[in-house]
$ cat upload10.txt   # compact mmCIF, C-alpha atoms (C1' of nucleotides)
# COMPACT_ATOMS: atom_id res chain seq x y z
CA MET A 78 80.10 55.72 145.02
CA HIS A 79 80.50 52.05 144.26
CA PRO A 80 84.14 50.93 144.15
CA LEU A 81 83.73 48.87 140.99
CA LEU A 82 82.20 51.74 139.06
CA GLU A 83 84.78 54.14 140.42
CA ALA A 84 87.59 51.85 139.35
CA GLY A 85 86.06 51.47 135.90
CA LEU A 86 85.82 55.22 135.46
CA SER A 87 89.30 55.92 136.74
CA ARG A 88 90.74 53.63 134.11
CA HIS A 89 89.97 56.29 131.50
CA ILE A 90 89.15 59.61 133.17
CA GLN A 91 89.70 61.43 136.45
CA LEU A 92 86.70 62.84 138.25
CA THR A 93 86.62 65.25 141.18
CA ASP A 94 84.79 64.24 144.32
CA GLU A 95 81.90 66.53 143.38
CA GLU A 96 81.65 64.97 139.95
CA LYS A 97 81.63 61.50 141.44
CA GLU A 98 78.91 62.59 143.80
CA LEU A 99 76.89 63.99 140.92
CA LEU A 100 77.20 60.78 138.99
CA TRP A 101 76.39 58.68 141.99
CA GLN A 102 73.17 60.57 142.54
CA ALA A 103 72.05 59.76 139.01
CA VAL A 104 72.53 56.05 139.51
CA THR A 105 70.24 53.46 141.08
CA LEU A 106 71.20 50.06 142.45
CA ARG A 107 68.84 47.25 141.54
CA LYS A 108 68.92 43.57 142.32
CA TYR A 109 67.71 40.92 139.93
CA ARG A 110 67.00 37.30 140.73
CA LYS A 111 68.19 34.54 138.45
CA ARG A 112 65.85 34.26 135.42
CA GLN A 113 64.38 37.70 136.07
CA TYR A 114 63.95 40.07 133.12
CA VAL A 115 65.88 43.34 133.00
CA LEU A 116 64.36 44.22 129.63
CA GLN A 117 61.80 42.56 127.40
CA THR A 118 61.40 42.81 123.63
CA GLY A 119 58.91 45.53 122.75
CA ASP A 120 59.48 47.55 125.92
CA VAL A 121 61.57 50.67 125.80
CA CYS A 122 65.07 50.28 127.22
CA ARG A 123 65.08 52.91 129.97
CA HIS A 124 68.51 52.26 131.49
CA GLU A 125 72.10 51.72 130.71
CA ASN A 126 73.15 48.90 133.04
CA PHE A 127 76.47 48.44 134.81
CA VAL A 128 76.83 44.99 136.33
CA VAL A 129 78.25 45.00 139.86
CA SER A 130 77.79 41.30 140.57
CA GLY A 131 76.24 38.33 138.82
CA CYS A 132 75.69 37.90 135.11
CA LEU A 133 73.22 39.22 132.55
CA ARG A 134 72.65 38.18 128.98
CA ALA A 135 71.26 40.18 126.05
CA TYR A 136 69.62 38.04 123.40
CA TYR A 137 67.34 37.99 120.42
CA ILE A 138 64.53 35.53 119.77
CA ASP A 139 64.09 34.69 116.10
CA ASP A 140 60.92 33.76 114.24
CA ALA A 141 61.45 30.09 115.03
CA GLY A 142 61.62 30.91 118.75
CA THR A 143 65.34 30.23 119.07
CA GLU A 144 67.40 32.42 121.39
CA HIS A 145 70.58 34.04 120.04
CA ILE A 146 72.85 35.68 122.59
CA ILE A 147 74.35 39.03 121.60
CA MET A 148 76.44 39.46 124.72
CA PHE A 149 77.04 38.30 128.25
CA ALA A 150 77.60 41.00 130.87
CA VAL A 151 79.43 40.08 134.06
CA GLU A 152 80.99 42.30 136.70
CA ASP A 153 82.36 45.54 135.30
CA TRP A 154 80.42 45.37 132.02
CA TRP A 155 77.85 47.74 130.59
CA THR A 156 74.82 46.43 128.75
CA SER A 157 71.55 47.65 127.25
CA ASP A 158 69.64 47.60 124.00
CA LEU A 159 71.55 50.63 122.83
CA LEU A 160 69.31 51.50 119.90
CA SER A 161 66.22 51.36 122.06
CA PHE A 162 67.96 53.29 124.84
CA LEU A 163 69.12 56.09 122.56
CA THR A 164 65.95 56.51 120.56
CA GLN A 165 63.49 55.40 123.25
CA THR A 166 61.83 53.04 120.79
CA PRO A 167 60.73 49.42 121.43
CA ALA A 168 63.60 47.05 122.10
CA GLN A 169 64.34 44.10 119.88
CA LEU A 170 66.47 42.46 122.54
CA ASN A 171 65.70 40.73 125.79
CA ILE A 172 67.97 41.11 128.76
CA ASP A 173 67.72 38.80 131.76
CA ALA A 174 69.77 37.52 134.68
CA LEU A 175 71.61 34.21 134.44
CA GLU A 176 72.58 34.53 138.11
CA ASP A 177 71.33 36.65 140.98
CA SER A 178 72.77 40.02 140.03
CA GLU A 179 73.32 43.56 141.23
CA VAL A 180 73.12 46.28 138.63
CA LEU A 181 73.74 50.03 138.66
CA GLN A 182 71.29 51.78 136.37
CA ILE A 183 71.22 55.19 134.81
CA GLU A 184 68.37 56.65 132.80
CA ARG A 185 68.70 58.13 129.37
CA SER A 186 67.76 61.68 130.39
CA ALA A 187 69.96 61.53 133.48
CA LEU A 188 72.89 60.38 131.37
CA GLU A 189 72.29 63.12 128.82
CA ALA A 190 72.25 65.68 131.64
CA LEU A 191 75.47 64.25 133.02
CA TYR A 192 77.16 64.57 129.64
CA HIS A 193 76.56 68.31 129.90
CA LYS A 194 77.56 68.64 133.53
CA ILE A 195 80.61 66.38 133.19
CA PRO A 196 81.94 66.48 129.61
CA LYS A 197 84.66 64.04 130.61
CA LEU A 198 81.96 61.39 130.57
CA GLU A 199 81.71 61.81 126.81
CA ARG A 200 85.32 60.72 126.69
CA PHE A 201 84.67 57.80 129.00
CA PHE A 202 81.82 56.43 126.96
CA ARG A 203 83.63 57.10 123.72
CA ILE A 204 86.42 54.85 124.92
CA ILE A 205 84.00 52.24 126.24
CA MET A 206 82.20 52.21 122.91
CA GLN A 207 85.45 51.97 120.97
CA ASN A 208 86.46 48.92 122.93
CA ALA A 209 83.06 47.33 122.48
CA PHE A 210 83.23 48.10 118.77
CA ILE A 211 86.60 46.42 118.45
CA ALA A 212 85.41 43.33 120.31
CA GLN A 213 82.32 43.09 118.13
CA GLN A 214 84.36 43.47 114.97
CA GLN A 215 86.52 40.60 116.09
CA ARG A 216 83.41 38.54 116.62
CA ILE A 217 82.03 39.30 113.16
CA LEU A 218 85.35 38.34 111.71
CA PHE A 219 85.23 35.00 113.47
CA ASN A 220 81.61 34.38 112.56
CA ILE A 221 82.22 34.78 108.85
CA SER A 222 85.61 33.13 108.60
CA LYS A 223 85.94 30.35 111.19
CA THR A 224 84.30 27.02 111.90
CA ALA A 225 82.23 26.41 115.01
CA LYS A 226 85.09 24.52 116.64
CA GLU A 227 87.50 27.38 116.10
CA ARG A 228 85.00 29.86 117.45
CA TYR A 229 84.47 27.72 120.54
CA LEU A 230 88.19 27.40 121.18
CA TYR A 231 88.59 31.14 120.82
CA PHE A 232 85.74 31.73 123.23
CA ILE A 233 87.13 29.54 126.00
CA GLU A 234 90.55 31.02 125.50
CA LYS A 235 89.31 34.60 125.65
CA TYR A 236 86.69 34.15 128.39
CA PRO A 237 87.88 31.19 130.49
CA LYS A 238 85.97 32.37 133.52
CA LEU A 239 82.72 32.66 131.62
CA GLU A 240 83.16 29.17 130.30
CA GLN A 241 83.19 27.89 133.89
CA ARG A 242 80.20 29.92 134.94
CA LEU A 243 77.76 29.42 132.10
CA PRO A 244 75.64 26.43 131.15
CA GLN A 245 76.81 24.94 127.91
CA HIS A 246 73.69 25.66 125.91
CA GLN A 247 74.09 29.37 126.65
CA ILE A 248 77.52 29.28 125.11
CA ALA A 249 76.07 27.51 122.09
CA ALA A 250 73.46 30.26 121.76
CA TYR A 251 76.28 32.80 121.84
CA LEU A 252 78.40 30.99 119.26
CA GLY A 253 75.44 30.61 116.94
CA ILE A 254 75.28 26.82 116.99
CA THR A 255 72.95 24.21 118.49
CA PRO A 256 73.65 22.71 121.93
CA GLU A 257 73.80 19.27 120.28
CA PHE A 258 76.55 20.36 117.97
CA LEU A 259 78.54 21.99 120.74
CA SER A 260 78.33 18.69 122.57
CA GLN A 261 79.79 16.99 119.48
CA ILE A 262 82.62 19.50 119.35
CA ARG A 263 83.49 18.97 123.00
CA LYS A 264 83.50 15.24 122.47
CA GLN A 265 85.89 15.58 119.56
CA LEU A 266 88.18 17.82 121.58
CA SER A 267 88.30 15.46 124.54
CA GLU A 268 89.03 12.49 122.29
CA GLY A 269 91.39 14.16 119.80
CA MET B 46 86.83 72.85 105.51
CA HIS B 47 85.28 70.22 103.32
CA PRO B 48 81.48 70.52 103.04
CA LEU B 49 80.84 66.80 103.51
CA LEU B 50 82.90 66.66 106.69
CA GLU B 51 81.33 69.85 107.93
CA ALA B 52 77.85 68.48 107.33
CA GLY B 53 78.73 65.24 109.10
CA LEU B 54 80.00 67.10 112.14
CA SER B 55 77.06 69.48 112.30
CA ARG B 56 74.69 66.55 112.50
CA HIS B 57 75.87 65.98 116.08
CA ILE B 58 77.81 68.99 117.34
CA GLN B 59 78.24 72.69 116.64
CA LEU B 60 81.73 74.03 116.11
CA THR B 61 82.87 77.63 115.96
CA ASP B 62 84.75 78.84 112.90
CA GLU B 63 88.00 78.72 114.83
CA GLU B 64 87.37 75.15 115.88
CA LYS B 65 86.58 74.15 112.32
CA GLU B 66 89.78 75.80 111.22
CA LEU B 67 91.71 73.92 113.88
CA LEU B 68 90.25 70.63 112.78
CA TRP B 69 90.80 71.37 109.13
CA GLN B 70 94.47 72.00 109.77
CA ALA B 71 94.83 68.57 111.32
CA VAL B 72 93.37 66.84 108.28
CA THR B 73 94.98 65.79 105.01
CA LEU B 74 93.25 65.04 101.73
CA ARG B 75 94.56 61.99 99.90
CA LYS B 76 93.51 60.37 96.67
CA TYR B 77 93.60 56.66 96.09
CA ARG B 78 93.33 54.88 92.80
CA LYS B 79 91.11 51.85 92.41
CA ARG B 80 92.86 48.76 93.87
CA GLN B 81 95.33 50.91 95.80
CA TYR B 82 96.03 50.02 99.43
CA VAL B 83 95.14 52.44 102.20
CA LEU B 84 96.40 50.04 104.84
CA GLN B 85 98.06 46.63 104.72
CA THR B 86 98.03 43.87 107.30
CA GLY B 87 101.06 44.14 109.54
CA ASP B 88 101.52 47.89 109.07
CA VAL B 89 100.41 50.28 111.77
CA CYS B 90 97.17 52.09 111.01
CA ARG B 91 98.26 55.73 111.18
CA HIS B 92 95.03 57.43 110.16
CA GLU B 93 91.36 57.55 110.77
CA ASN B 94 89.87 57.88 107.28
CA PHE B 95 86.82 59.87 106.25
CA VAL B 96 85.65 59.04 102.73
CA VAL B 97 84.76 62.06 100.64
CA SER B 98 84.21 60.23 97.37
CA GLY B 99 84.60 56.69 96.09
CA CYS B 100 84.53 53.52 98.11
CA LEU B 101 86.92 51.70 100.44
CA ARG B 102 86.72 48.25 101.92
CA ALA B 103 88.24 46.89 105.14
CA TYR B 104 88.84 43.17 105.07
CA TYR B 105 90.61 40.27 106.66
CA ILE B 106 92.49 37.51 104.87
CA ASP B 107 92.20 34.14 106.60
CA ASP B 108 94.71 31.29 106.68
CA ALA B 109 93.24 29.83 103.50
CA GLY B 110 93.80 33.13 101.72
CA THR B 111 90.12 34.03 101.52
CA GLU B 112 89.07 37.67 101.91
CA HIS B 113 86.36 38.53 104.42
CA ILE B 114 85.00 42.04 104.27
CA ILE B 115 84.40 43.77 107.61
CA MET B 116 82.94 46.94 106.19
CA PHE B 117 82.49 49.04 103.10
CA ALA B 118 83.07 52.76 103.46
CA VAL B 119 81.47 55.10 100.93
CA GLU B 120 80.98 58.87 101.08
CA ASP B 121 80.45 60.17 104.59
CA TRP B 122 81.81 57.08 106.34
CA TRP B 123 84.76 56.70 108.67
CA THR B 124 87.00 53.69 108.50
CA SER B 125 90.26 52.37 109.93
CA ASP B 126 91.64 49.38 111.76
CA LEU B 127 90.55 50.87 115.04
CA LEU B 128 92.55 48.58 117.30
CA SER B 129 95.72 49.22 115.35
CA PHE B 130 94.99 52.95 115.21
CA LEU B 131 94.39 53.27 118.94
CA THR B 132 97.27 51.13 120.14
CA GLN B 133 99.63 51.77 117.20
CA THR B 134 100.21 48.04 116.83
CA PRO B 135 100.29 46.03 113.56
CA ALA B 136 96.97 45.92 111.77
CA GLN B 137 95.15 42.68 111.14
CA LEU B 138 92.98 44.29 108.47
CA ASN B 139 93.64 45.45 104.95
CA ILE B 140 91.97 48.53 103.59
CA ASP B 141 91.92 49.31 99.88
CA ALA B 142 89.98 51.28 97.31
CA LEU B 143 87.24 49.63 95.24
CA GLU B 144 86.89 52.84 93.24
CA ASP B 145 89.06 55.90 92.75
CA SER B 146 88.54 57.63 96.07
CA GLU B 147 89.20 60.83 97.99
CA VAL B 148 89.85 60.47 101.69
CA LEU B 149 90.36 62.92 104.53
CA GLN B 150 92.88 61.57 106.99
CA ILE B 151 93.75 62.45 110.53
CA GLU B 152 96.61 61.03 112.55
CA ARG B 153 96.28 59.45 115.93
CA SER B 154 98.31 62.09 117.80
CA ALA B 155 96.59 64.94 115.97
CA LEU B 156 93.20 63.49 116.88
CA GLU B 157 94.23 63.09 120.51
CA ALA B 158 95.38 66.71 120.56
CA LEU B 159 92.10 67.79 119.04
CA TYR B 160 90.14 65.96 121.73
CA HIS B 161 91.82 68.22 124.25
CA LYS B 162 91.44 71.42 122.27
CA ILE B 163 87.86 70.67 121.22
CA PRO B 164 86.16 68.43 123.81
CA LYS B 165 83.01 68.47 121.70
CA LEU B 166 84.80 66.07 119.38
CA GLU B 167 84.66 63.48 122.14
CA ARG B 168 80.92 63.74 121.88
CA PHE B 169 81.00 63.54 118.12
CA PHE B 170 83.04 60.37 118.03
CA ARG B 171 81.09 58.87 120.91
CA ILE B 172 77.95 59.19 118.81
CA ILE B 173 79.67 57.91 115.68
CA MET B 174 80.94 54.90 117.62
CA GLN B 175 77.52 54.24 119.13
CA ASN B 176 75.94 54.15 115.69
CA ALA B 177 78.65 51.89 114.37
CA PHE B 178 78.22 49.63 117.40
CA ILE B 179 74.49 49.35 116.80
CA ALA B 180 74.99 48.53 113.12
CA GLN B 181 77.56 45.88 113.98
CA GLN B 182 75.32 44.34 116.61
CA GLN B 183 72.60 44.04 114.01
CA ARG B 184 75.05 42.31 111.73
CA ILE B 185 76.11 39.80 114.39
CA LEU B 186 72.49 39.09 115.07
CA PHE B 187 71.90 38.31 111.41
CA ASN B 188 75.06 36.26 111.10
CA ILE B 189 74.11 33.93 113.91
CA SER B 190 70.38 33.68 113.28
CA LYS B 191 69.63 33.99 109.56
CA THR B 192 70.36 32.04 106.40
CA ALA B 193 72.54 33.44 103.62
CA LYS B 194 69.46 34.29 101.57
CA GLU B 195 67.92 36.29 104.39
CA ARG B 196 71.18 38.11 104.98
CA TYR B 197 71.43 38.99 101.30
CA LEU B 198 67.88 40.30 101.17
CA TYR B 199 68.54 42.40 104.25
CA PHE B 200 71.71 43.78 102.71
CA ILE B 201 70.12 44.89 99.46
CA GLU B 202 67.21 46.38 101.38
CA LYS B 203 69.45 48.31 103.76
CA TYR B 204 72.14 49.33 101.27
CA PRO B 205 70.41 49.44 97.87
CA LYS B 206 72.94 51.89 96.48
CA LEU B 207 75.88 49.74 97.51
CA GLU B 208 74.30 46.78 95.82
CA GLN B 209 74.35 48.69 92.53
CA ARG B 210 77.88 49.86 92.94
CA LEU B 211 79.69 46.77 94.09
CA PRO B 212 80.72 43.67 92.18
CA GLN B 213 78.77 40.67 93.36
CA HIS B 214 81.69 38.76 94.76
CA GLN B 215 82.50 41.64 97.10
CA ILE B 216 79.02 41.40 98.52
CA ALA B 217 79.52 37.67 98.95
CA ALA B 218 82.73 38.33 100.86
CA TYR B 219 80.81 40.71 103.10
CA LEU B 220 77.98 38.28 103.71
CA GLY B 221 80.40 35.49 104.52
CA ILE B 222 79.49 33.19 101.63
CA THR B 223 81.11 32.14 98.37
CA PRO B 224 80.41 34.01 95.12
CA GLU B 225 79.09 30.78 93.65
CA PHE B 226 76.53 30.41 96.37
CA LEU B 227 75.42 34.02 96.07
CA SER B 228 74.88 33.34 92.42
CA GLN B 229 72.65 30.40 93.38
CA ILE B 230 70.67 32.58 95.72
CA ARG B 231 70.10 35.24 93.08
CA LYS B 232 68.97 32.59 90.65
CA GLN B 233 66.45 31.27 93.19
CA LEU B 234 65.16 34.77 93.84
CA SER B 235 64.70 35.59 90.16
CA GLU B 236 62.89 32.29 89.55
CA GLY B 237 60.84 32.10 92.72
C1' DC C 173 59.47 12.11 145.08
C1' DG C 174 58.67 13.92 140.44
C1' DC C 175 59.35 17.30 137.12
C1' DG C 176 62.01 20.41 134.44
C1' DA C 177 66.53 21.83 133.05
C1' DC C 178 70.62 20.13 131.13
C1' DG C 179 73.74 17.39 128.48
C1' DT C 180 74.63 13.36 125.31
C1' DT C 181 74.18 10.29 121.38
C1' DG C 182 72.68 8.73 116.85
C1' DA C 183 70.13 8.91 112.19
C1' DT C 184 68.88 11.81 108.72
C1' DT C 185 68.63 16.12 106.17
C1' DT C 186 70.11 20.53 104.45
C1' DG C 187 72.77 24.77 103.72
C1' DC C 188 76.71 25.96 101.96
C1' DC C 189 81.42 24.89 100.15
C1' DT C 190 84.81 22.97 96.80
C1' DC C 191 86.34 22.22 92.44
C1' DA C 192 85.97 22.53 87.66
C1' DA C 193 84.41 24.26 83.45
C1' DC C 194 82.44 27.76 80.66
C1' DG C 195 80.75 32.53 78.51
C1' DA C 196 80.80 37.46 78.82
C1' DT C 197 83.11 41.66 79.91
C1' DT C 198 86.70 44.64 80.79
C1' DG C 199 91.10 46.45 80.21
C1' DT C 200 95.58 46.74 78.75
C1' DG C 201 100.00 46.29 76.38
C1' DG C 202 101.85 45.73 71.83
C1' DC D 30 92.93 49.16 67.45
C1' DC D 31 93.32 44.55 68.01
C1' DA D 32 94.62 40.43 70.85
C1' DC D 33 95.08 38.29 74.76
C1' DA D 34 94.66 38.11 79.67
C1' DA D 35 92.25 39.11 83.76
C1' DT D 36 88.12 39.74 86.03
C1' DC D 37 83.50 38.55 86.75
C1' DG D 38 79.39 35.86 86.93
C1' DT D 39 77.07 31.27 86.09
C1' DT D 40 76.25 26.34 86.26
C1' DG D 41 76.73 21.59 87.90
C1' DA D 42 78.56 17.45 90.57
C1' DG D 43 79.97 15.95 94.77
C1' DG D 44 81.24 16.62 99.73
C1' DC D 45 81.27 18.34 104.41
C1' DA D 46 79.71 21.15 108.41
C1' DA D 47 76.03 21.89 111.06
C1' DA D 48 70.87 21.56 111.80
C1' DT D 49 66.90 18.77 112.89
C1' DC D 50 64.50 15.35 115.26
C1' DA D 51 64.10 11.94 118.62
C1' DA D 52 65.43 9.29 122.48
C1' DC D 53 67.68 8.79 126.76
C1' DG D 54 70.42 9.57 131.36
C1' DT D 55 71.40 12.73 135.05
C1' DC D 56 70.96 16.05 138.16
C1' DG D 57 69.02 19.81 141.08
C1' DC D 58 65.18 21.76 143.03
C1' DG D 59 60.39 22.71 144.50
$ encode --input "upload10.txt" --output "structure tokens"
Amino acid sequence: MHPLLEAGLSRHIQLTDEEKELLWQAVTLRKYRKRQYVLQTGDVCRHENFVVSGCLRAYYIDDAGTEHIIMFAVEDWWTSDLLSFLTQTPAQLNIDALEDSEVLQIERSALEALYHKIPKLERFFRIIMQNAFIAQQQRILFNISKTAKERYLYFIEKYPKLEQRLPQHQIAAYLGITPEFLSQIRKQLSEG
Amino acid sequence: MHPLLEAGLSRHIQLTDEEKELLWQAVTLRKYRKRQYVLQTGDVCRHENFVVSGCLRAYYIDDAGTEHIIMFAVEDWWTSDLLSFLTQTPAQLNIDALEDSEVLQIERSALEALYHKIPKLERFFRIIMQNAFIAQQQRILFNISKTAKERYLYFIEKYPKLEQRLPQHQIAAYLGITPEFLSQIRKQLSEG
DNA sequence: CGCGACGTTGATTTGCCTCAACGATTGTGG
DNA sequence: CCACAATCGTTGAGGCAAATCAACGTCGCG
């Protein structure tokens, strides 16, 4: 059992050693190099991914070819194209590695089997989803009510470590603005 | 047991008659008049709300006093300020009725007790949350990558019935634009 | 070394907002 | 049942936030 996953689980539920063992058997460790794809648009999302080290990003490419980042996933985060994963239909998102990364993966059918063997996992993922839902709601709220500068300030306040780690244009793609405009904002902030 | 709630549950889990009875005892039916508050900013969100008839809206009021709608909830939808509900801290959202509405309500402690008595409910709300998460992700994607016109077209395609039911300026507040600009868009569409 | 990735700066354009004014409805108290 | 006030949608002029396009400097890496 990986300590990071174990710690994550124990934050919300308590598993017996046998249950941990069962879960651990369903999980695979994979390594991704920087720039490597974890999932490509059009493919079916086969795994739910738990990041052990490194950083992934899930993003959408619009008709004009511009990338829009839905989420970053660093250590201790889960990521996937959930719709594709649940329905086993083609993904609309890409997921790739922004750094060399280690990822624990679990397949859809294996997870479904685990839900039956370990009902406590339903609780775990309910709570995980609730938290993700709340975070996303906050983001929607900011997107429709704040300026780009405010959204940037909120981002660096909420995720100071990410701000260090990520190239600036990735943050722009997350905030929904152009890299040029983010540059303008940073200039203003350093002057003002 | 209310038929709409029963149908909603049975879409994802199967409950025995005793379990249904247990759940039904934990739930209260309340009626709200049009314009009546279900929850006000600053109060603690005491209930998860299941809409049986009518329509609620959850929204945020920014520093300038402008309303931004997070979600509409019509028949068969759940709504609350989830963060406030879970942590029993002051809500940042308002919820009120856009039409005379009937709502089934369940309190935080009662729900937590039910999770223990009926673990299947963990599964139910996990699935509900997953679907809500997916819908929200789609919305974020549109907010950061599409123009107001595209977002409007998507909205009326995805929620044609809501479009009939709601005043135009409420839709504008959901899309994150001004009523005036939505009016412009509709003019363009009818001309073009 | 040379190329691609990254960030910056400036000129111009555009999507959307603000403010103000105006009909058409709706609804509500007298 | 009418009168008056809100509520709702529309239109137009002007303004600002952010995009687009293009050019340029720097760095890291193959």
$ interface_residues --input "upload10.txt" --of "chain C" --to "chain A" --cutoff "12 Å" --atoms "all atoms listed in the file" --output "JSON, numbers by chain"
{"C": [177, 178, 179, 180, 181, 182]}
$ interface_residues --input "upload10.txt" --of "chain B" --to "chain A" --cutoff "6 Å" --atoms "only C-alpha atoms" --output "list in words"
Glu167, Arg168, Arg171, Phe178, Ile189 and Gly221 of chain B
$ closest_atom_pairs --input "upload10.txt" --of "chain D" --to "chain A" --cutoff "12 Å" --atoms "all atoms listed in the file" --output "JSON lines"
{"residue": "D:DC45", "atom": "C1'", "partner": "A:Thr224", "partner_atom": "CA", "distance": 11.9}
{"residue": "D:DA46", "atom": "C1'", "partner": "A:Thr224", "partner_atom": "CA", "distance": 8.2}
{"residue": "D:DA47", "atom": "C1'", "partner": "A:Phe258", "partner_atom": "CA", "distance": 7.1}
{"residue": "D:DA48", "atom": "C1'", "partner": "A:Thr255", "partner_atom": "CA", "distance": 7.5}
{"residue": "D:DT49", "atom": "C1'", "partner": "A:Thr255", "partner_atom": "CA", "distance": 9.9}
{"residue": "D:DC50", "atom": "C1'", "partner": "A:Glu257", "partner_atom": "CA", "distance": 11.3}
$ atom_distance --input "upload10.txt" --atom1 "CA of Arg228 in chain A" --atom2 "C1' of DG43 in chain D"
27.1 Å
$ residues_around --input "upload10.txt" --residues "Asp88 in chain B" --least-positions-apart "5" --cutoff "8 Å" --atoms "all atoms listed in the file" --output "list of chain:residue names"
B:Thr134, B:Pro135, B:Ala136
$ write_last_selection --input "upload10.txt" --atoms "C-alpha atoms" --output "PDB file, in the frame of the given file"
ATOM      1  CA  THR B 134     100.210  48.040 116.830  1.00  0.00           C
ATOM      2  CA  PRO B 135     100.290  46.030 113.560  1.00  0.00           C
ATOM      3  CA  ALA B 136      96.970  45.920 111.770  1.00  0.00           C
TER       4      ALA B 136
END
$ residues_around --input "upload10.txt" --residues "Leu50 in chain B" --least-positions-apart "5" --cutoff "8 Å" --atoms "all atoms listed in the file" --output "PyMOL selection string"
chain B and resi 95+97+121
$ residues_around --input "upload10.txt" --residues "Leu99 in chain A" --least-positions-apart "2" --cutoff "12 Å" --atoms "only C-alpha atoms (C1' of nucleotides)" --output "JSON, numbers by chain"
{"A": [78, 92, 93, 94, 95, 96, 97, 101, 102, 103, 104, 187, 188, 190, 191, 192, 193, 194, 195, 198]}
$ atom_distance --input "upload10.txt" --atom1 "CA of Val148 in chain B" --atom2 "CA of Asn94 in chain B"
6.2 Å
$ atom_distance --input "upload10.txt" --atom1 "CA of Arg91 in chain B" --atom2 "CA of Thr132 in chain B"
10.1 Å
$ residues_around --input "upload10.txt" --residues "DA196 in chain C" --least-positions-apart "2" --cutoff "12 Å" --atoms "all atoms listed in the file" --output "ChimeraX atom specification"
/C:194,198 /D:36-39
$ write_last_selection --input "upload10.txt" --atoms "C-alpha atoms (C1' of nucleotides)" --output "PDB file, in the coordinates of the input"
ATOM      1  C1'  DC C 194      82.440  27.760  80.660  1.00  0.00           C
ATOM      2  C1'  DT C 198      86.700  44.640  80.790  1.00  0.00           C
TER       3       DT C 198
ATOM      4  C1'  DT D  36      88.120  39.740  86.030  1.00  0.00           C
ATOM      5  C1'  DC D  37      83.500  38.550  86.750  1.00  0.00           C
ATOM      6  C1'  DG D  38      79.390  35.860  86.930  1.00  0.00           C
ATOM      7  C1'  DT D  39      77.070  31.270  86.090  1.00  0.00           C
TER       8       DT D  39
END
$ residues_around --input "upload10.txt" --residues "Gln117 in chain A" --least-positions-apart "5" --cutoff "9 Å" --atoms "all atoms listed in the file" --output "PyMOL selection string"
chain A and resi 122+168-173
$ build_atoms --input "upload10.txt" --residues "range 143-156 of chain A" --atoms "N, CA and C atoms" --output "PDB file, in the coordinates of the input"
ATOM      1  N   THR A 143      64.010  30.541 118.551  1.00  0.00           N
ATOM      2  CA  THR A 143      65.340  30.230 119.070  1.00  0.00           C
ATOM      3  C   THR A 143      66.010  31.480 119.647  1.00  0.00           C
ATOM      4  N   GLU A 144      66.697  31.313 120.775  1.00  0.00           N
ATOM      5  CA  GLU A 144      67.400  32.420 121.390  1.00  0.00           C
ATOM      6  C   GLU A 144      68.822  32.548 120.845  1.00  0.00           C
ATOM      7  N   HIS A 145      69.219  33.782 120.515  1.00  0.00           N
ATOM      8  CA  HIS A 145      70.580  34.040 120.040  1.00  0.00           C
ATOM      9  C   HIS A 145      71.197  35.118 120.926  1.00  0.00           C
ATOM     10  N   ILE A 146      72.281  34.766 121.601  1.00  0.00           N
ATOM     11  CA  ILE A 146      72.850  35.680 122.590  1.00  0.00           C
ATOM     12  C   ILE A 146      73.808  36.672 121.950  1.00  0.00           C
ATOM     13  N   ILE A 147      73.521  37.947 122.125  1.00  0.00           N
ATOM     14  CA  ILE A 147      74.350  39.030 121.600  1.00  0.00           C
ATOM     15  C   ILE A 147      75.553  39.253 122.501  1.00  0.00           C
ATOM     16  N   MET A 148      75.320  39.275 123.802  1.00  0.00           N
ATOM     17  CA  MET A 148      76.440  39.460 124.720  1.00  0.00           C
ATOM     18  C   MET A 148      76.108  38.956 126.112  1.00  0.00           C
ATOM     19  N   PHE A 149      77.135  38.532 126.820  1.00  0.00           N
ATOM     20  CA  PHE A 149      77.040  38.300 128.250  1.00  0.00           C
ATOM     21  C   PHE A 149      77.599  39.542 128.938  1.00  0.00           C
ATOM     22  N   ALA A 150      77.046  39.891 130.100  1.00  0.00           N
ATOM     23  CA  ALA A 150      77.600  41.000 130.870  1.00  0.00           C
ATOM     24  C   ALA A 150      77.821  40.541 132.302  1.00  0.00           C
ATOM     25  N   VAL A 151      79.086  40.407 132.675  1.00  0.00           N
ATOM     26  CA  VAL A 151      79.430  40.080 134.060  1.00  0.00           C
ATOM     27  C   VAL A 151      79.955  41.331 134.742  1.00  0.00           C
ATOM     28  N   GLU A 152      80.490  41.167 135.937  1.00  0.00           N
ATOM     29  CA  GLU A 152      80.990  42.300 136.700  1.00  0.00           C
ATOM     30  C   GLU A 152      81.801  43.251 135.823  1.00  0.00           C
ATOM     31  N   ASP A 153      81.537  44.535 135.946  1.00  0.00           N
ATOM     32  CA  ASP A 153      82.360  45.540 135.300  1.00  0.00           C
ATOM     33  C   ASP A 153      81.960  45.810 133.849  1.00  0.00           C
ATOM     34  N   TRP A 154      80.877  45.168 133.394  1.00  0.00           N
ATOM     35  CA  TRP A 154      80.420  45.370 132.020  1.00  0.00           C
ATOM     36  C   TRP A 154      79.166  46.231 131.973  1.00  0.00           C
ATOM     37  N   TRP A 155      79.062  46.990 130.884  1.00  0.00           N
ATOM     38  CA  TRP A 155      77.850  47.740 130.590  1.00  0.00           C
ATOM     39  C   TRP A 155      76.999  46.965 129.598  1.00  0.00           C
ATOM     40  N   THR A 156      75.688  47.028 129.757  1.00  0.00           N
ATOM     41  CA  THR A 156      74.820  46.430 128.750  1.00  0.00           C
ATOM     42  C   THR A 156      73.484  47.156 128.686  1.00  0.00           C
TER      43      THR A 156
END
